[in-house]
Number of protein chains: 2
Amino acid sequence: MTENLLRPYVIGLDLGGTNSVFGIVDSRGDIKATTAIKTQGYKSVDDYVKASVNALMPIIETVGGIDSIKAMGIGAPNGNYYKGTIEYAPNLAWAHDCVVPLADMFSKALNNIPVGLTNDANAAALGEMTYGVARGMKNFIDITLGTGVGSGIVINGQMVYGSDGFAGELGHVTVDRSENARVCGCGRKGCLEAYCSATGVARTAREFLKNSEEPSLLRDYKPDDITSLEVSLAAAKGDKLALKVYDFTGKILGEACADFMTFSSPEAFVFFGGLTKAGDLLMKPIKKYYDRHVMPIFKDKAKFLISTLDGSSAAVLGASAIGWDL
Amino acid sequence: MTENLLRPYVIGLDLGGTNSVFGIVDSRGDIKATTAIKTQGYKSVDDYVKASVNALMPIIETVGGIDSIKAMGIGAPNGNYYKGTIEYAPNLAWAHDCVVPLADMFSKALNNIPVGLTNDANAAALGEMTYGVARGMKNFIDITLGTGVGSGIVINGQMVYGSDGFAGELGHVTVDRSENARVCGCGRKGCLEAYCSATGVARTAREFLKNSEEPSLLRDYKPDDITSLEVSLAAAKGDKLALKVYDFTGKILGEACADFMTFSSPEAFVFFGGLTKAGDLLMKPIKKYYDRHVMPIFKDKAKFLISTLDGSSAAVLGASAIGWDL
């Protein structure tokens with residue numbers, strides 16, 4: 001307690017493929033200061049860490065200097081919580097073919113404050129539990145519907161990292177075992193992510209347009225220009241084909257959640273990420289197909305919630321949440 | 001510690017649809033005394049508890065009386081760990097249409113010793129963790145392949161009970177979403193249990209026999225007389241059709257385990273129950289299809305183990321293991 005009074009802030013780093021966004025956060029989830037650098041374009045990870053610290057120092061000074069900082073949390077692709085490493089992250093030039101001990105490197109560069117690291121979807125779940133709609137929940141599953149599908153699982157009030165630090169990859173459960181299942185970015189076939197990510201939704205729309213003559217507002221676009229945004233705008237105007245795309249997406253997600261329920265029987269599923277902007281267009285079908293499909297003993301037990309964290313700051317908040325437990 | 005020296009034993013009750021088997025167990029997993037009664041045939045649950053206590057008292061005396069007993073653990077169908085209740089268990093006459101507070105009832109009848117209760121598959125996992133091949137493991141999934149398919153999930157060294165006490169129903173994840181998926185005992189379609197339980201294996205054999213002209217030792221039986229035992233005996237003799245049944249079963253289980261891996265990334269999958277007597281006939285296909293299907297980051301991480309607990313005593317040991325934590 002005294003420690004938290006003396007060191008009232010944690011640093012959160014949302015390490016994305018393009019930008020690295022830093023925030024200094026207090027225990028109520030208020031972001032006191034932010035800064036950012038480009039993630040790529042450095043010769044080595046050493047240079048990346050140096051550039052980060054150069055950007056961080058001025059904002060650290062605004063909250064009273066490094067002695068006011070309790071710890072740092074990093075949300076990063078292919079992050080291993082146990083080791084504090086980023087491992088073979090395909091989209092990071094300085095970490096795509098190696099294991100980078102990023103937590104240790106930041107700790108050394110920042111007066112040896114504790115630094116924790118996990119993957120971005122786990123960070124989102126921690127943010128939800130610390131500052132968001134899952135506050136006070138001991139058992140929930142956070143599902144990120146963005147460019148990919150990520151997940152963070154909380155059981156008995158603890159993040160599930162598994163035996164190796166990589167647990168919670170629910171975007172890669174198989175939802176279609178047939179021959180003509182979609183190929184996924186992971187190299188396998190039929191993964192949830194291939195259907196229910198933003199790119200999956202756009203792909204579904206293109207398939208539906210190609211396989212029918214049905215009129216649709218989406219026919220005004222070249223197929224390659226359709227993203228999940230165009231689908232949601234068309235659906236909001238009542239476009240039937242676009243609504244079918246959401247029904248299809250919700251069916252796959254709802255049935256997948258029914259399967260996840262048999263695993264850890266969470267109190268809630270919390271959805272986060274760009275696709276959730278569609279609101280009820282997506283949530284109603286998820287709930288409808290979940291109810292039809294779930295085991296009777298689990299009926300009406302789980303809540304289906306959309307994250308209330310502001311999208312632009314949620315990732316930083318989530319990353320910072322790691323810092324409180326170090 | 002002193003408490004454990006003064007009260008060195010726990011009672012385990014394996015409460016099955018037909019028999020209720022009691023054992024008095026020490027901390028090393030040695031069963032010091034056993035007794036059993038029929039589970040059914042009582043007018044009420046009160047009569048069942050009375051009959052149980054009447055059977056228990058003589059064996060309790062053999063270990064020094066009730067003051068030597070630390071606690072009691074019960075493994076039972078539809079057991080709710082949080083409430084110590086059996087809830088709407090279809091196969092129990094005195095609990096099929098109600099919620100029975102069985103843990104409290106036994107506690108009152110046995111000098112107020114602590115009594116814990118969970119479902120039989122969770123009890124098996126606890127037994128495995130306390131006395132079996134999962135000793136010392138913090139993250140594993142125990143899969144019971146018996147008349148049904150049950151599961152017990154351990155994460156961070158703790159049993160996963162979920163928000164309601166019913167987590168870990170992996171026998172009811174959907175492995176076939178097609179129209180002609182098999183109907184499951186739970187009333188839904190395409191569940192793992194409908195394919196990979198002992199009854200599921202027999203059903204696969206009957207389907208394969210019906211849909212081909214292939215010669216097979218299994219054609220010596222009337223279709224209705226074929227159980228998983230006949231299939232394993234035929235497969236052990238090299239019968240090709242029976243081997244195909246195991247390949248089919250192992251494919252579904254191996255691919256399901258690849259999905260389970262994305263959830264909690266366990267150190268091991270431990271298989272328990274009648275079907276595991278087939279040994280490599282079943283384990284080799286499970287491993288083969290798991291390796292083909294699992295996400296690259298999880299490759300070669302999980303062990304596939306068969307329980308080493310003696311089948312007849314494992315359920316009692318598992319139930320007793322609940323008692324040590326009360």
# chains A, B, ... in the order shown; residues from 1 in each chain; ligands from 1

$ interface_residues --of "chain A" --to "chain B" --cutoff "6 Å" --atoms "only C-alpha atoms" --output "MDAnalysis selection string"
chainID A and resid 139 162:163 167:170 173 259 262:267

$ write_last_selection --atoms "all heavy atoms" --output "mmCIF file, in the first residue's frame"
data_model
loop_
_atom_site.group_PDB
_atom_site.id
_atom_site.type_symbol
_atom_site.label_atom_id
_atom_site.label_comp_id
_atom_site.auth_asym_id
_atom_site.auth_seq_id
_atom_site.Cartn_x
_atom_site.Cartn_y
_atom_site.Cartn_z
ATOM 1 N N ASN A 139 -14.371 -15.147 -13.455
ATOM 2 C CA ASN A 139 -14.343 -16.070 -14.590
ATOM 3 C C ASN A 139 -14.978 -15.416 -15.807
ATOM 4 O O ASN A 139 -16.203 -15.239 -15.844
ATOM 5 C CB ASN A 139 -15.129 -17.354 -14.250
ATOM 6 C CG ASN A 139 -14.463 -18.176 -13.173
ATOM 7 O OD1 ASN A 139 -13.538 -18.924 -13.441
ATOM 8 N ND2 ASN A 139 -14.928 -18.020 -11.932
ATOM 9 N N GLY A 162 -1.291 -20.983 -19.236
ATOM 10 C CA GLY A 162 -0.978 -22.360 -19.620
ATOM 11 C C GLY A 162 0.426 -22.756 -19.250
ATOM 12 O O GLY A 162 1.154 -22.012 -18.589
ATOM 13 N N SER A 163 0.821 -23.956 -19.692
ATOM 14 C CA SER A 163 2.117 -24.492 -19.278
ATOM 15 C C SER A 163 3.277 -23.759 -19.949
ATOM 16 O O SER A 163 4.394 -23.791 -19.459
ATOM 17 C CB SER A 163 2.203 -25.986 -19.587
ATOM 18 O OG SER A 163 2.074 -26.201 -20.976
ATOM 19 N N ALA A 167 -1.283 -19.862 -23.706
ATOM 20 C CA ALA A 167 -2.688 -20.296 -23.678
ATOM 21 C C ALA A 167 -3.600 -19.168 -24.158
ATOM 22 O O ALA A 167 -3.203 -17.995 -24.192
ATOM 23 C CB ALA A 167 -3.068 -20.722 -22.266
ATOM 24 N N GLY A 168 -4.830 -19.534 -24.522
ATOM 25 C CA GLY A 168 -5.817 -18.521 -24.900
ATOM 26 C C GLY A 168 -5.743 -18.121 -26.360
ATOM 27 O O GLY A 168 -5.813 -16.941 -26.696
ATOM 28 N N GLU A 169 -5.609 -19.082 -27.245
ATOM 29 C CA GLU A 169 -5.588 -18.795 -28.697
ATOM 30 C C GLU A 169 -6.893 -19.267 -29.325
ATOM 31 O O GLU A 169 -6.905 -20.034 -30.294
ATOM 32 C CB GLU A 169 -4.387 -19.494 -29.353
ATOM 33 C CG GLU A 169 -3.058 -18.832 -29.088
ATOM 34 C CD GLU A 169 -2.876 -17.493 -29.836
ATOM 35 O OE1 GLU A 169 -3.767 -17.115 -30.634
ATOM 36 O OE2 GLU A 169 -1.856 -16.833 -29.591
ATOM 37 N N LEU A 170 -8.010 -18.770 -28.789
ATOM 38 C CA LEU A 170 -9.309 -19.286 -29.237
ATOM 39 C C LEU A 170 -9.649 -18.879 -30.667
ATOM 40 O O LEU A 170 -10.568 -19.438 -31.260
ATOM 41 C CB LEU A 170 -10.418 -18.840 -28.279
ATOM 42 C CG LEU A 170 -10.257 -19.322 -26.834
ATOM 43 C CD1 LEU A 170 -11.471 -18.938 -26.003
ATOM 44 C CD2 LEU A 170 -10.060 -20.835 -26.783
ATOM 45 N N VAL A 173 -9.372 -22.213 -32.712
ATOM 46 C CA VAL A 173 -10.142 -23.457 -32.634
ATOM 47 C C VAL A 173 -10.742 -23.674 -34.024
ATOM 48 O O VAL A 173 -11.003 -22.727 -34.767
ATOM 49 C CB VAL A 173 -11.273 -23.423 -31.570
ATOM 50 C CG1 VAL A 173 -10.723 -23.289 -30.175
ATOM 51 C CG2 VAL A 173 -12.283 -22.338 -31.880
ATOM 52 N N ASP A 259 -19.263 -23.857 -27.129
ATOM 53 C CA ASP A 259 -18.157 -24.793 -26.859
ATOM 54 C C ASP A 259 -17.256 -24.267 -25.743
ATOM 55 O O ASP A 259 -16.860 -25.012 -24.851
ATOM 56 C CB ASP A 259 -17.309 -25.006 -28.122
ATOM 57 C CG ASP A 259 -17.881 -26.078 -29.036
ATOM 58 O OD1 ASP A 259 -18.870 -26.734 -28.644
ATOM 59 O OD2 ASP A 259 -17.348 -26.253 -30.147
ATOM 60 N N THR A 262 -18.398 -24.987 -22.205
ATOM 61 C CA THR A 262 -18.154 -26.316 -21.622
ATOM 62 C C THR A 262 -16.773 -26.379 -20.990
ATOM 63 O O THR A 262 -16.513 -27.257 -20.179
ATOM 64 C CB THR A 262 -18.237 -27.454 -22.672
ATOM 65 O OG1 THR A 262 -17.136 -27.344 -23.580
ATOM 66 C CG2 THR A 262 -19.540 -27.416 -23.435
ATOM 67 N N PHE A 263 -15.899 -25.498 -21.377
ATOM 68 C CA PHE A 263 -14.553 -25.515 -20.832
ATOM 69 C C PHE A 263 -14.531 -24.865 -19.447
ATOM 70 O O PHE A 263 -14.347 -25.528 -18.441
ATOM 71 C CB PHE A 263 -13.603 -24.788 -21.796
ATOM 72 C CG PHE A 263 -12.191 -25.252 -21.669
ATOM 73 C CD1 PHE A 263 -11.655 -26.145 -22.572
ATOM 74 C CD2 PHE A 263 -11.400 -24.814 -20.630
ATOM 75 C CE1 PHE A 263 -10.352 -26.596 -22.441
ATOM 76 C CE2 PHE A 263 -10.100 -25.254 -20.485
ATOM 77 C CZ PHE A 263 -9.577 -26.147 -21.397
ATOM 78 N N SER A 264 -14.768 -23.573 -19.388
ATOM 79 C CA SER A 264 -14.549 -22.879 -18.117
ATOM 80 C C SER A 264 -15.802 -22.229 -17.539
ATOM 81 O O SER A 264 -15.727 -21.561 -16.512
ATOM 82 C CB SER A 264 -13.455 -21.818 -18.284
ATOM 83 O OG SER A 264 -13.854 -20.819 -19.205
ATOM 84 N N SER A 265 -16.943 -22.432 -18.185
ATOM 85 C CA SER A 265 -18.208 -21.892 -17.678
ATOM 86 C C SER A 265 -18.057 -20.464 -17.144
ATOM 87 O O SER A 265 -18.289 -20.200 -15.966
ATOM 88 C CB SER A 265 -18.758 -22.812 -16.576
ATOM 89 O OG SER A 265 -20.046 -22.393 -16.191
ATOM 90 N N PRO A 266 -17.660 -19.542 -18.027
ATOM 91 C CA PRO A 266 -17.440 -18.160 -17.586
ATOM 92 C C PRO A 266 -18.746 -17.455 -17.235
ATOM 93 O O PRO A 266 -19.812 -17.834 -17.725
ATOM 94 C CB PRO A 266 -16.792 -17.503 -18.802
ATOM 95 C CG PRO A 266 -17.297 -18.285 -19.965
ATOM 96 C CD PRO A 266 -17.394 -19.709 -19.473
ATOM 97 N N GLU A 267 -18.609 -16.446 -16.413
ATOM 98 C CA GLU A 267 -19.749 -15.592 -16.046
ATOM 99 C C GLU A 267 -20.141 -14.700 -17.229
ATOM 100 O O GLU A 267 -21.305 -14.321 -17.376
ATOM 101 C CB GLU A 267 -19.284 -14.731 -14.872
ATOM 102 C CG GLU A 267 -20.255 -13.752 -14.339
ATOM 103 C CD GLU A 267 -19.645 -12.983 -13.158
ATOM 104 O OE1 GLU A 267 -18.637 -13.460 -12.573
ATOM 105 O OE2 GLU A 267 -20.163 -11.908 -12.819
#

$ select_by_dssp --residues "segment 138-190 of chain B" --states "strand (DSSP E)" --output "PDB file with all heavy atoms, in the first residue's frame"
ATOM      1  N   PHE B 140      -3.087 -29.553 -16.627  1.00  0.00           N
ATOM      2  CA  PHE B 140      -3.360 -30.737 -17.442  1.00  0.00           C
ATOM      3  C   PHE B 140      -4.870 -30.895 -17.627  1.00  0.00           C
ATOM      4  O   PHE B 140      -5.663 -30.253 -16.938  1.00  0.00           O
ATOM      5  CB  PHE B 140      -2.744 -32.003 -16.823  1.00  0.00           C
ATOM      6  CG  PHE B 140      -3.420 -32.487 -15.569  1.00  0.00           C
ATOM      7  CD1 PHE B 140      -4.366 -33.515 -15.609  1.00  0.00           C
ATOM      8  CD2 PHE B 140      -3.119 -31.915 -14.342  1.00  0.00           C
ATOM      9  CE1 PHE B 140      -4.989 -33.966 -14.447  1.00  0.00           C
ATOM     10  CE2 PHE B 140      -3.738 -32.360 -13.176  1.00  0.00           C
ATOM     11  CZ  PHE B 140      -4.673 -33.384 -13.225  1.00  0.00           C
ATOM     12  N   ILE B 141      -5.220 -31.715 -18.601  1.00  0.00           N
ATOM     13  CA  ILE B 141      -6.633 -32.013 -18.850  1.00  0.00           C
ATOM     14  C   ILE B 141      -6.814 -33.517 -18.771  1.00  0.00           C
ATOM     15  O   ILE B 141      -6.101 -34.273 -19.437  1.00  0.00           O
ATOM     16  CB  ILE B 141      -7.086 -31.485 -20.229  1.00  0.00           C
ATOM     17  CG1 ILE B 141      -6.972 -29.947 -20.266  1.00  0.00           C
ATOM     18  CG2 ILE B 141      -8.519 -31.914 -20.531  1.00  0.00           C
ATOM     19  CD1 ILE B 141      -7.413 -29.325 -21.581  1.00  0.00           C
ATOM     20  N   ASP B 142      -7.730 -33.939 -17.916  1.00  0.00           N
ATOM     21  CA  ASP B 142      -8.024 -35.347 -17.715  1.00  0.00           C
ATOM     22  C   ASP B 142      -9.282 -35.667 -18.520  1.00  0.00           C
ATOM     23  O   ASP B 142     -10.296 -34.980 -18.370  1.00  0.00           O
ATOM     24  CB  ASP B 142      -8.276 -35.573 -16.218  1.00  0.00           C
ATOM     25  CG  ASP B 142      -8.128 -37.017 -15.819  1.00  0.00           C
ATOM     26  OD1 ASP B 142      -6.977 -37.451 -15.661  1.00  0.00           O
ATOM     27  OD2 ASP B 142      -9.155 -37.700 -15.663  1.00  0.00           O
ATOM     28  N   ILE B 143      -9.197 -36.673 -19.378  1.00  0.00           N
ATOM     29  CA  ILE B 143     -10.359 -37.011 -20.206  1.00  0.00           C
ATOM     30  C   ILE B 143     -10.775 -38.444 -19.905  1.00  0.00           C
ATOM     31  O   ILE B 143      -9.975 -39.371 -20.054  1.00  0.00           O
ATOM     32  CB  ILE B 143     -10.033 -36.840 -21.704  1.00  0.00           C
ATOM     33  CG1 ILE B 143      -9.696 -35.356 -21.979  1.00  0.00           C
ATOM     34  CG2 ILE B 143     -11.213 -37.287 -22.579  1.00  0.00           C
ATOM     35  CD1 ILE B 143      -9.300 -35.053 -23.403  1.00  0.00           C
ATOM     36  N   THR B 144     -12.009 -38.608 -19.428  1.00  0.00           N
ATOM     37  CA  THR B 144     -12.531 -39.922 -19.084  1.00  0.00           C
ATOM     38  C   THR B 144     -13.304 -40.474 -20.268  1.00  0.00           C
ATOM     39  O   THR B 144     -14.282 -39.873 -20.716  1.00  0.00           O
ATOM     40  CB  THR B 144     -13.476 -39.830 -17.874  1.00  0.00           C
ATOM     41  OG1 THR B 144     -12.775 -39.212 -16.795  1.00  0.00           O
ATOM     42  CG2 THR B 144     -13.939 -41.203 -17.439  1.00  0.00           C
ATOM     43  N   LEU B 145     -12.843 -41.609 -20.796  1.00  0.00           N
ATOM     44  CA  LEU B 145     -13.507 -42.236 -21.932  1.00  0.00           C
ATOM     45  C   LEU B 145     -14.230 -43.476 -21.434  1.00  0.00           C
ATOM     46  O   LEU B 145     -13.666 -44.572 -21.408  1.00  0.00           O
ATOM     47  CB  LEU B 145     -12.477 -42.601 -23.003  1.00  0.00           C
ATOM     48  CG  LEU B 145     -11.605 -41.449 -23.535  1.00  0.00           C
ATOM     49  CD1 LEU B 145     -10.482 -41.984 -24.412  1.00  0.00           C
ATOM     50  CD2 LEU B 145     -12.444 -40.436 -24.296  1.00  0.00           C
ATOM     51  N   VAL B 149     -18.214 -39.320 -22.185  1.00  0.00           N
ATOM     52  CA  VAL B 149     -16.899 -38.684 -22.180  1.00  0.00           C
ATOM     53  C   VAL B 149     -16.953 -37.538 -21.169  1.00  0.00           C
ATOM     54  O   VAL B 149     -17.759 -36.609 -21.313  1.00  0.00           O
ATOM     55  CB  VAL B 149     -16.509 -38.138 -23.572  1.00  0.00           C
ATOM     56  CG1 VAL B 149     -15.210 -37.342 -23.490  1.00  0.00           C
ATOM     57  CG2 VAL B 149     -16.364 -39.274 -24.577  1.00  0.00           C
ATOM     58  N   GLY B 150     -16.125 -37.647 -20.140  1.00  0.00           N
ATOM     59  CA  GLY B 150     -16.072 -36.600 -19.120  1.00  0.00           C
ATOM     60  C   GLY B 150     -14.718 -35.926 -19.139  1.00  0.00           C
ATOM     61  O   GLY B 150     -13.793 -36.380 -19.814  1.00  0.00           O
ATOM     62  N   SER B 151     -14.586 -34.835 -18.400  1.00  0.00           N
ATOM     63  CA  SER B 151     -13.288 -34.173 -18.341  1.00  0.00           C
ATOM     64  C   SER B 151     -13.126 -33.407 -17.046  1.00  0.00           C
ATOM     65  O   SER B 151     -14.102 -32.946 -16.451  1.00  0.00           O
ATOM     66  CB  SER B 151     -13.119 -33.216 -19.523  1.00  0.00           C
ATOM     67  OG  SER B 151     -14.009 -32.129 -19.401  1.00  0.00           O
ATOM     68  N   GLY B 152     -11.883 -33.295 -16.624  1.00  0.00           N
ATOM     69  CA  GLY B 152     -11.527 -32.462 -15.483  1.00  0.00           C
ATOM     70  C   GLY B 152     -10.325 -31.630 -15.906  1.00  0.00           C
ATOM     71  O   GLY B 152      -9.357 -32.156 -16.454  1.00  0.00           O
ATOM     72  N   ILE B 153     -10.412 -30.319 -15.698  1.00  0.00           N
ATOM     73  CA  ILE B 153      -9.375 -29.413 -16.191  1.00  0.00           C
ATOM     74  C   ILE B 153      -8.649 -28.789 -15.006  1.00  0.00           C
ATOM     75  O   ILE B 153      -9.292 -28.257 -14.098  1.00  0.00           O
ATOM     76  CB  ILE B 153     -10.004 -28.307 -17.055  1.00  0.00           C
ATOM     77  CG1 ILE B 153     -10.764 -28.928 -18.227  1.00  0.00           C
ATOM     78  CG2 ILE B 153      -8.939 -27.337 -17.562  1.00  0.00           C
ATOM     79  CD1 ILE B 153     -11.752 -27.984 -18.882  1.00  0.00           C
ATOM     80  N   VAL B 154      -7.330 -28.871 -15.019  1.00  0.00           N
ATOM     81  CA  VAL B 154      -6.527 -28.253 -13.957  1.00  0.00           C
ATOM     82  C   VAL B 154      -5.676 -27.141 -14.573  1.00  0.00           C
ATOM     83  O   VAL B 154      -4.995 -27.362 -15.578  1.00  0.00           O
ATOM     84  CB  VAL B 154      -5.651 -29.303 -13.249  1.00  0.00           C
ATOM     85  CG1 VAL B 154      -4.675 -28.643 -12.281  1.00  0.00           C
ATOM     86  CG2 VAL B 154      -6.539 -30.298 -12.502  1.00  0.00           C
ATOM     87  N   ILE B 155      -5.784 -25.959 -13.999  1.00  0.00           N
ATOM     88  CA  ILE B 155      -5.037 -24.779 -14.471  1.00  0.00           C
ATOM     89  C   ILE B 155      -4.403 -24.106 -13.263  1.00  0.00           C
ATOM     90  O   ILE B 155      -5.062 -23.913 -12.233  1.00  0.00           O
ATOM     91  CB  ILE B 155      -5.985 -23.802 -15.203  1.00  0.00           C
ATOM     92  CG1 ILE B 155      -6.445 -24.413 -16.539  1.00  0.00           C
ATOM     93  CG2 ILE B 155      -5.305 -22.441 -15.436  1.00  0.00           C
ATOM     94  CD1 ILE B 155      -7.436 -23.574 -17.317  1.00  0.00           C
ATOM     95  N   GLN B 158      -5.046 -25.635  -9.953  1.00  0.00           N
ATOM     96  CA  GLN B 158      -6.401 -25.643  -9.378  1.00  0.00           C
ATOM     97  C   GLN B 158      -7.398 -26.311 -10.326  1.00  0.00           C
ATOM     98  O   GLN B 158      -7.338 -26.116 -11.535  1.00  0.00           O
ATOM     99  CB  GLN B 158      -6.885 -24.197  -9.151  1.00  0.00           C
ATOM    100  CG  GLN B 158      -6.031 -23.391  -8.201  1.00  0.00           C
ATOM    101  CD  GLN B 158      -6.208 -21.884  -8.383  1.00  0.00           C
ATOM    102  OE1 GLN B 158      -7.011 -21.422  -9.178  1.00  0.00           O
ATOM    103  NE2 GLN B 158      -5.442 -21.117  -7.635  1.00  0.00           N
ATOM    104  N   MET B 159      -8.347 -27.046  -9.762  1.00  0.00           N
ATOM    105  CA  MET B 159      -9.455 -27.570 -10.565  1.00  0.00           C
ATOM    106  C   MET B 159     -10.245 -26.385 -11.104  1.00  0.00           C
ATOM    107  O   MET B 159     -10.475 -25.405 -10.397  1.00  0.00           O
ATOM    108  CB  MET B 159     -10.433 -28.360  -9.695  1.00  0.00           C
ATOM    109  CG  MET B 159     -10.144 -29.818  -9.486  1.00  0.00           C
ATOM    110  SD  MET B 159      -9.986 -30.811 -10.977  1.00  0.00           S
ATOM    111  CE  MET B 159     -11.517 -30.466 -11.824  1.00  0.00           C
TER     112      MET B 159
END

$ select_by_dssp --residues "segment 76-272 of chain A" --states "alpha helix (DSSP H)" --output "PyMOL selection string"
chain A and resi 102-109+120-131+193-196+198-210+228-236+240-264

$ closest_residue --among "B:Val99, B:Val183, B:Ala134, B:Ala235" --to "Phe269 of chain B" --atoms "only C-alpha atoms"
B:Ala134

$ residues_around --residues "Lys244 of chain A" --least-positions-apart "6" --cutoff "12 Å" --atoms "only C-alpha atoms" --output "PyMOL selection string"
chain A and resi 201+204-205+207-209+214+216+231-232+234-235+238+250-251+281-282+285

$ residues_around --residues "Ala123 of chain A" --least-positions-apart "4" --cutoff "8 Å" --atoms "only C-alpha atoms" --output "ChimeraX atom specification"
/A:74-75,118-119,127,152,315,318-319,321-322

$ residues_around --residues "Ile11 of chain A" --least-positions-apart "3" --cutoff "10 Å" --atoms "only C-alpha atoms" --output "count of residues only"
25

$ closest_residue --among "A:Leu309, A:Cys257, A:Val270, A:Leu92" --to "Lys288 of chain A" --atoms "only C-alpha atoms"
A:Cys257

$ closest_residue --among "B:Leu126, B:Ile37, B:Ala51, B:Leu117" --to "Gly17 of chain B" --atoms "only C-alpha atoms"
B:Ile37

$ closest_residue --among "A:Ala93, A:Ile59, A:Arg135, A:Ala103" --to "Gly79 of chain A" --atoms "only C-alpha atoms"
A:Ala103

$ closest_residue --among "A:Leu275, A:Trp94, A:Asp220, A:Asp225" --to "Tyr42 of chain A" --atoms "only C-alpha atoms"
A:Trp94

$ atom_distance --atom1 "atom CA of Gly146 of chain A" --atom2 "atom CA of Val133 of chain A"
18.8 Å

$ decode --residues "segment 32-45 of chain B" --atoms "N, CA, C and O atoms" --output "PDB file, in the first residue's frame"
ATOM      1  N   LYS B  32      -7.409 -48.226   2.796  1.00  0.00           N
ATOM      2  CA  LYS B  32      -7.286 -49.042   4.001  1.00  0.00           C
ATOM      3  C   LYS B  32      -8.475 -49.961   4.204  1.00  0.00           C
ATOM      4  O   LYS B  32      -8.359 -51.006   4.841  1.00  0.00           O
ATOM      5  N   ALA B  33      -9.642 -49.534   3.717  1.00  0.00           N
ATOM      6  CA  ALA B  33     -10.846 -50.340   3.902  1.00  0.00           C
ATOM      7  C   ALA B  33     -11.882 -49.877   2.899  1.00  0.00           C
ATOM      8  O   ALA B  33     -11.901 -48.710   2.508  1.00  0.00           O
ATOM      9  N   THR B  34     -12.724 -50.781   2.440  1.00  0.00           N
ATOM     10  CA  THR B  34     -13.783 -50.388   1.501  1.00  0.00           C
ATOM     11  C   THR B  34     -15.092 -51.046   1.880  1.00  0.00           C
ATOM     12  O   THR B  34     -15.131 -52.057   2.589  1.00  0.00           O
ATOM     13  N   THR B  35     -16.171 -50.450   1.392  1.00  0.00           N
ATOM     14  CA  THR B  35     -17.486 -51.062   1.504  1.00  0.00           C
ATOM     15  C   THR B  35     -18.338 -50.493   0.372  1.00  0.00           C
ATOM     16  O   THR B  35     -17.902 -49.556  -0.313  1.00  0.00           O
ATOM     17  N   ALA B  36     -19.500 -51.059   0.148  1.00  0.00           N
ATOM     18  CA  ALA B  36     -20.344 -50.576  -0.954  1.00  0.00           C
ATOM     19  C   ALA B  36     -21.807 -50.850  -0.662  1.00  0.00           C
ATOM     20  O   ALA B  36     -22.139 -51.776   0.086  1.00  0.00           O
ATOM     21  N   ILE B  37     -22.659 -50.014  -1.219  1.00  0.00           N
ATOM     22  CA  ILE B  37     -24.107 -50.283  -1.183  1.00  0.00           C
ATOM     23  C   ILE B  37     -24.656 -50.012  -2.588  1.00  0.00           C
ATOM     24  O   ILE B  37     -23.976 -49.421  -3.423  1.00  0.00           O
ATOM     25  N   LYS B  38     -25.871 -50.453  -2.827  1.00  0.00           N
ATOM     26  CA  LYS B  38     -26.537 -50.091  -4.074  1.00  0.00           C
ATOM     27  C   LYS B  38     -26.932 -48.617  -3.998  1.00  0.00           C
ATOM     28  O   LYS B  38     -27.312 -48.129  -2.929  1.00  0.00           O
ATOM     29  N   THR B  39     -26.828 -47.914  -5.111  1.00  0.00           N
ATOM     30  CA  THR B  39     -27.168 -46.493  -5.101  1.00  0.00           C
ATOM     31  C   THR B  39     -28.683 -46.282  -5.124  1.00  0.00           C
ATOM     32  O   THR B  39     -29.211 -45.375  -4.478  1.00  0.00           O
ATOM     33  N   GLN B  40     -29.375 -47.135  -5.831  1.00  0.00           N
ATOM     34  CA  GLN B  40     -30.814 -46.926  -6.003  1.00  0.00           C
ATOM     35  C   GLN B  40     -31.600 -47.793  -5.011  1.00  0.00           C
ATOM     36  O   GLN B  40     -31.024 -48.449  -4.157  1.00  0.00           O
ATOM     37  N   GLY B  41     -32.920 -47.757  -5.145  1.00  0.00           N
ATOM     38  CA  GLY B  41     -33.755 -48.640  -4.336  1.00  0.00           C
ATOM     39  C   GLY B  41     -34.096 -48.062  -2.980  1.00  0.00           C
ATOM     40  O   GLY B  41     -34.560 -48.787  -2.095  1.00  0.00           O
ATOM     41  N   TYR B  42     -33.841 -46.759  -2.789  1.00  0.00           N
ATOM     42  CA  TYR B  42     -34.241 -46.120  -1.538  1.00  0.00           C
ATOM     43  C   TYR B  42     -35.406 -45.178  -1.808  1.00  0.00           C
ATOM     44  O   TYR B  42     -35.472 -44.563  -2.871  1.00  0.00           O
ATOM     45  N   LYS B  43     -36.287 -45.070  -0.821  1.00  0.00           N
ATOM     46  CA  LYS B  43     -37.450 -44.200  -0.989  1.00  0.00           C
ATOM     47  C   LYS B  43     -37.039 -42.744  -1.108  1.00  0.00           C
ATOM     48  O   LYS B  43     -37.661 -41.951  -1.783  1.00  0.00           O
ATOM     49  N   SER B  44     -35.988 -42.395  -0.381  1.00  0.00           N
ATOM     50  CA  SER B  44     -35.580 -40.990  -0.357  1.00  0.00           C
ATOM     51  C   SER B  44     -34.073 -40.917  -0.183  1.00  0.00           C
ATOM     52  O   SER B  44     -33.414 -41.914   0.130  1.00  0.00           O
ATOM     53  N   VAL B  45     -33.545 -39.728  -0.370  1.00  0.00           N
ATOM     54  CA  VAL B  45     -32.114 -39.543  -0.185  1.00  0.00           C
ATOM     55  C   VAL B  45     -31.743 -39.713   1.297  1.00  0.00           C
ATOM     56  O   VAL B  45     -30.633 -40.155   1.618  1.00  0.00           O
TER      57      VAL B  45
END
